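Visitor: Attaching a single structure in structure tokens format; questions to follow.
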Amino acid sequence: MSIDKNRMLHGQLYRADDPQLVTMHKHAQQLLFLYNRTAPEDDNNRAKLLAQLLNVPATDAHIEAPTRMDYGVNVHLGKNFYANYDSIFLDVAPISIGDNVMIGPRTSLYTAGHPLSATVRRDGLEYGHPITIGDDVWIGGSVTICPGVTIGDNVVIGAGSVVTKDIPSGVLAAGVPATPIRPITEADEIYWDAEAAKYWDAKR
């Protein structure tokens, strides 16, 4: 592993023009080029390409095309993952996503950051901090998740939010910056269970 790749994965300053990182990036872009041009019904080929791009042990992830990533290999997806159109995963640091997570259209996960010092930026140095998302999370459309953020389990993030700080489990959060609005309660569960029961009754 090159020095720059090691530093990148450990949240330290690095240069993205490191030869190993350039090779990894080009490989990911080639796979994404193929993925984003697959036919809508070509589920088998999409699954094969995702398996080459990402860490997807469950093999059941569904990501609508087009999608964008830096390297892909730093993205871990749990079971039953879904991302709508135009998702962006800037995975210079690990992006770890739990089970049963849905991501709305045009949502972006940015692990990449750049120094506040203009002189250091001019030297091409950057860094990344990991993003972690728990189980049973729904992230609305056009949400931006910033470097270093952790989102707990059973969370809903409202559309258009910018998540700059950690969000605890069991809440509805929204805004710029995103903050918890209220807990997700047993009353919510009862209401939506009843609505689901009406649906299944109608299907019988």
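Convention: chains lettered A, B, ... in structure tokens order; per-chain residue numbering from 1; ligands numbered from 1 as shown.
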Need to verify the contact set: Asp91 of chain A, 7 Å, only C-alpha atoms, exclusion of same-chain residues closer than 5 positions in sequence. Can you return it as a PyMOL selection string?
Guide: chain A and resi 69-72+74-75+111
Visitor: Excluding segment 187-196 of chain A and residues on its chain fewer than 3 positions from it, collect all residues at most 12 Å away from it, counting only C-alpha atoms, and give them as number ranges by chain.
Guide: A: 154, 170-172, 182-184, 199-203
Visitor: What's around Ile3 of chain A at 12 Å? Count only C-alpha atoms, leave out sequence neighbours fewer than 6 positions away in its own chain, and write the answer as a VMD selection string.
Guide: chain A and resid 9 to 10 12 to 21
Visitor: With N, CA and C atoms retained, could you export that selection as a compact mmCIF listing (two decimals), in the first residue's frame?
Guide:
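Once written, again_16.txt looks like this:
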# COMPACT_ATOMS: atom_id res chain seq x y z
N LEU A 9 -6.68 6.67 4.00
CA LEU A 9 -7.59 5.81 4.75
C LEU A 9 -7.55 6.07 6.25
N HIS A 10 -6.55 6.81 6.71
CA HIS A 10 -6.45 7.11 8.14
C HIS A 10 -6.72 8.58 8.45
N GLN A 12 -5.56 11.36 7.23
CA GLN A 12 -4.43 12.27 7.22
C GLN A 12 -4.30 12.93 5.84
N LEU A 13 -3.56 14.03 5.79
CA LEU A 13 -3.35 14.69 4.51
C LEU A 13 -2.63 13.76 3.53
N TYR A 14 -3.09 13.81 2.28
CA TYR A 14 -2.51 12.97 1.23
C TYR A 14 -2.72 13.68 -0.10
N ARG A 15 -2.09 13.15 -1.15
CA ARG A 15 -2.29 13.67 -2.50
C ARG A 15 -2.99 12.61 -3.35
N ALA A 16 -4.04 13.04 -4.05
CA ALA A 16 -4.82 12.11 -4.86
C ALA A 16 -4.13 11.71 -6.15
N ASP A 17 -3.01 12.40 -6.49
CA ASP A 17 -2.29 12.02 -7.71
C ASP A 17 -1.25 10.93 -7.47
N ASP A 18 -1.29 10.33 -6.28
CA ASP A 18 -0.46 9.15 -6.01
C ASP A 18 -0.76 8.08 -7.06
N PRO A 19 0.27 7.44 -7.66
CA PRO A 19 0.03 6.49 -8.75
C PRO A 19 -0.93 5.36 -8.40
N GLN A 20 -0.85 4.82 -7.19
CA GLN A 20 -1.76 3.74 -6.82
C GLN A 20 -3.20 4.25 -6.75
N LEU A 21 -3.41 5.44 -6.21
CA LEU A 21 -4.75 6.00 -6.13
C LEU A 21 -5.29 6.35 -7.51
Visitor: Where in segment 138-179 of chain A does DSSP assign strand (DSSP E or B), given as a list of chain:residue names?
Guide: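 Filtering segment 138-179 of chain A to strand (DSSP E or B) leaves A:Trp138, A:Ile139, A:Thr144, A:Ile145, A:Thr150, A:Ile151, A:Val156, A:Ile157, A:Val162, A:Val163, A:Ile167, A:Val171, A:Leu172, A:Ala173, A:Ala174, A:Thr179.
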Visitor: For C-alpha atoms, I'd like the residues from the last selection saved as a CSV table (one decimal), in the first residue's frame.
Guide:
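result_18.csv was written with the following content:
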chain,number,residue,atom,x,y,z
A,138,TRP,CA,-34.3,6.6,5.2
A,139,ILE,CA,-32.5,9.6,3.7
A,144,THR,CA,-25.8,16.1,1.7
A,145,ILE,CA,-23.9,14.1,4.3
A,150,THR,CA,-22.4,9.1,12.0
A,151,ILE,CA,-26.2,8.5,11.7
A,156,VAL,CA,-35.3,9.6,8.8
A,157,ILE,CA,-33.4,12.6,7.2
A,162,VAL,CA,-27.2,19.1,5.1
A,163,VAL,CA,-25.9,16.7,7.7
A,167,ILE,CA,-27.6,12.2,14.3
A,171,VAL,CA,-35.3,10.5,15.3
A,172,LEU,CA,-36.6,12.5,12.4
A,173,ALA,CA,-34.0,15.1,11.5
A,174,ALA,CA,-34.0,17.8,8.9
A,179,THR,CA,-30.9,18.7,13.6
Visitor: A:Pro177, A:Thr23, A:Gly134, A:His62: which is nearest Pro40 of chain A, counting only C-alpha atoms?
Guide: A:His62
Visitor: Determine, counting only C-alpha atoms, which protein, DNA and RNA residues have an atom within 10 Å of an atom of Gly175 of chain A; residues of the same chain fewer than 5 positions away are not included. Present the result as a VMD selection string.
Guide: chain A and resid 143 157 to 163 180 to 181
Visitor: Write the residues of the preceding selection, restricted to N, CA and C atoms, as an mmCIF file, in the first residue's frame.
Guide:
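Generated output (out12.cif):
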data_model
loop_
_atom_site.group_PDB
_atom_site.id
_atom_site.type_symbol
_atom_site.label_atom_id
_atom_site.label_comp_id
_atom_site.auth_asym_id
_atom_site.auth_seq_id
_atom_site.Cartn_x
_atom_site.Cartn_y
_atom_site.Cartn_z
ATOM 1 N N VAL A 143 -30.144 15.225 -0.148
ATOM 2 C CA VAL A 143 -29.469 15.377 1.143
ATOM 3 C C VAL A 143 -27.962 15.336 0.928
ATOM 4 N N ILE A 157 -34.042 11.264 7.535
ATOM 5 C CA ILE A 157 -33.450 12.568 7.250
ATOM 6 C C ILE A 157 -34.290 13.239 6.171
ATOM 7 N N GLY A 158 -34.845 14.420 6.470
ATOM 8 C CA GLY A 158 -35.717 15.119 5.540
ATOM 9 C C GLY A 158 -34.995 15.588 4.286
ATOM 10 N N ALA A 159 -35.733 15.664 3.201
ATOM 11 C CA ALA A 159 -35.183 16.071 1.909
ATOM 12 C C ALA A 159 -34.517 17.443 1.994
ATOM 13 N N GLY A 160 -33.402 17.585 1.280
ATOM 14 C CA GLY A 160 -32.701 18.858 1.211
ATOM 15 C C GLY A 160 -31.826 19.183 2.395
ATOM 16 N N SER A 161 -31.733 18.287 3.359
ATOM 17 C CA SER A 161 -30.938 18.557 4.559
ATOM 18 C C SER A 161 -29.441 18.490 4.261
ATOM 19 N N VAL A 162 -28.671 19.189 5.073
ATOM 20 C CA VAL A 162 -27.213 19.103 5.053
ATOM 21 C C VAL A 162 -26.778 18.593 6.425
ATOM 22 N N VAL A 163 -26.258 17.376 6.459
ATOM 23 C CA VAL A 163 -25.921 16.728 7.731
ATOM 24 C C VAL A 163 -24.448 16.986 8.026
ATOM 25 N N PRO A 180 -32.118 17.041 14.968
ATOM 26 C CA PRO A 180 -33.296 16.247 15.308
ATOM 27 C C PRO A 180 -34.516 17.138 15.534
ATOM 28 N N ILE A 181 -35.637 16.762 14.926
ATOM 29 C CA ILE A 181 -36.887 17.499 15.081
ATOM 30 C C ILE A 181 -37.756 16.870 16.165
#
Visitor: From a DSSP calculation on the backbone, collect every residue of segment 29-125 of chain A in alpha helix (DSSP H) and output the set as a VMD selection string.
Guide: chain A and resid 29 to 35 43 to 53 118 to 122
Visitor: Excluding Gly11 of chain A and any residue of its chain fewer than 6 positions from it, enumerate the residues within 6 Å of it, using only C-alpha atoms, and give them as JSON, numbers by chain.
Guide: {"A": [127, 128, 129]}
Visitor: Rounded to one decimal place, report the atom CA of Thr132 of chain A-atom CA of Asp166 of chain A distance in Å.
Guide: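 Pair atom CA of Thr132 of chain A / atom CA of Asp166 of chain A returns 9.4 Å.
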Visitor: Just to confirm, what's the straight-line distance from atom CA of Arg106 of chain A to atom CA of Arg37 of chain A in Å (one decimal)?
Guide: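 Straight-line distance from atom CA of Arg106 of chain A to atom CA of Arg37 of chain A works out to 18.0 Å.
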Visitor: Hey, can you check how far atom CA of Ile88 of chain A sits from atom CA of Arg122 of chain A?
Guide: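 We find that atom CA of Ile88 of chain A and atom CA of Arg122 of chain A lie 24.8 Å from each other.
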Visitor: Taking only C-alpha atoms into account, which of A:Asp60, A:Arg46, A:Gly152, A:Phe89 comes nearest Ala112 of chain A?
Guide: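 Smallest separation from Ala112 of chain A among the options: A:Phe89.
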Visitor: Near Asp86 of chain A, counting only C-alpha atoms, which residues have an atom at most 8 Å away, once you skip same-chain residues fewer than 4 positions from it, shown as a list of chain:residue names?
Guide: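 The filter keeps A:Glu64, A:Ala65, A:Pro66, A:Thr67, A:Arg68, A:Pro105, A:Arg106, A:Thr107.
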Visitor: Can you tell me, as a list in words, what residues are no more than 10 Å from Val73 of chain A when counting only C-alpha atoms, ignoring any on the same chain fewer than 2 positions away?
Guide: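 The residues that qualify are Met24, His25, Ala28, Leu50, Ala51, Gln52, Leu53, Leu54, Asn55, Val56, Met69, Asp70, Tyr71, Val75, His76, Asp91, Val92, Ala93, Pro94 and Ile95 of chain A.
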Visitor: Rank A:Leu34, A:Ala39, A:Met102, A:Val22 by their smallest atom-to-atom distance to Phe81 of chain A, using only C-alpha atoms, and report the top residue only.
Guide: A:Met102
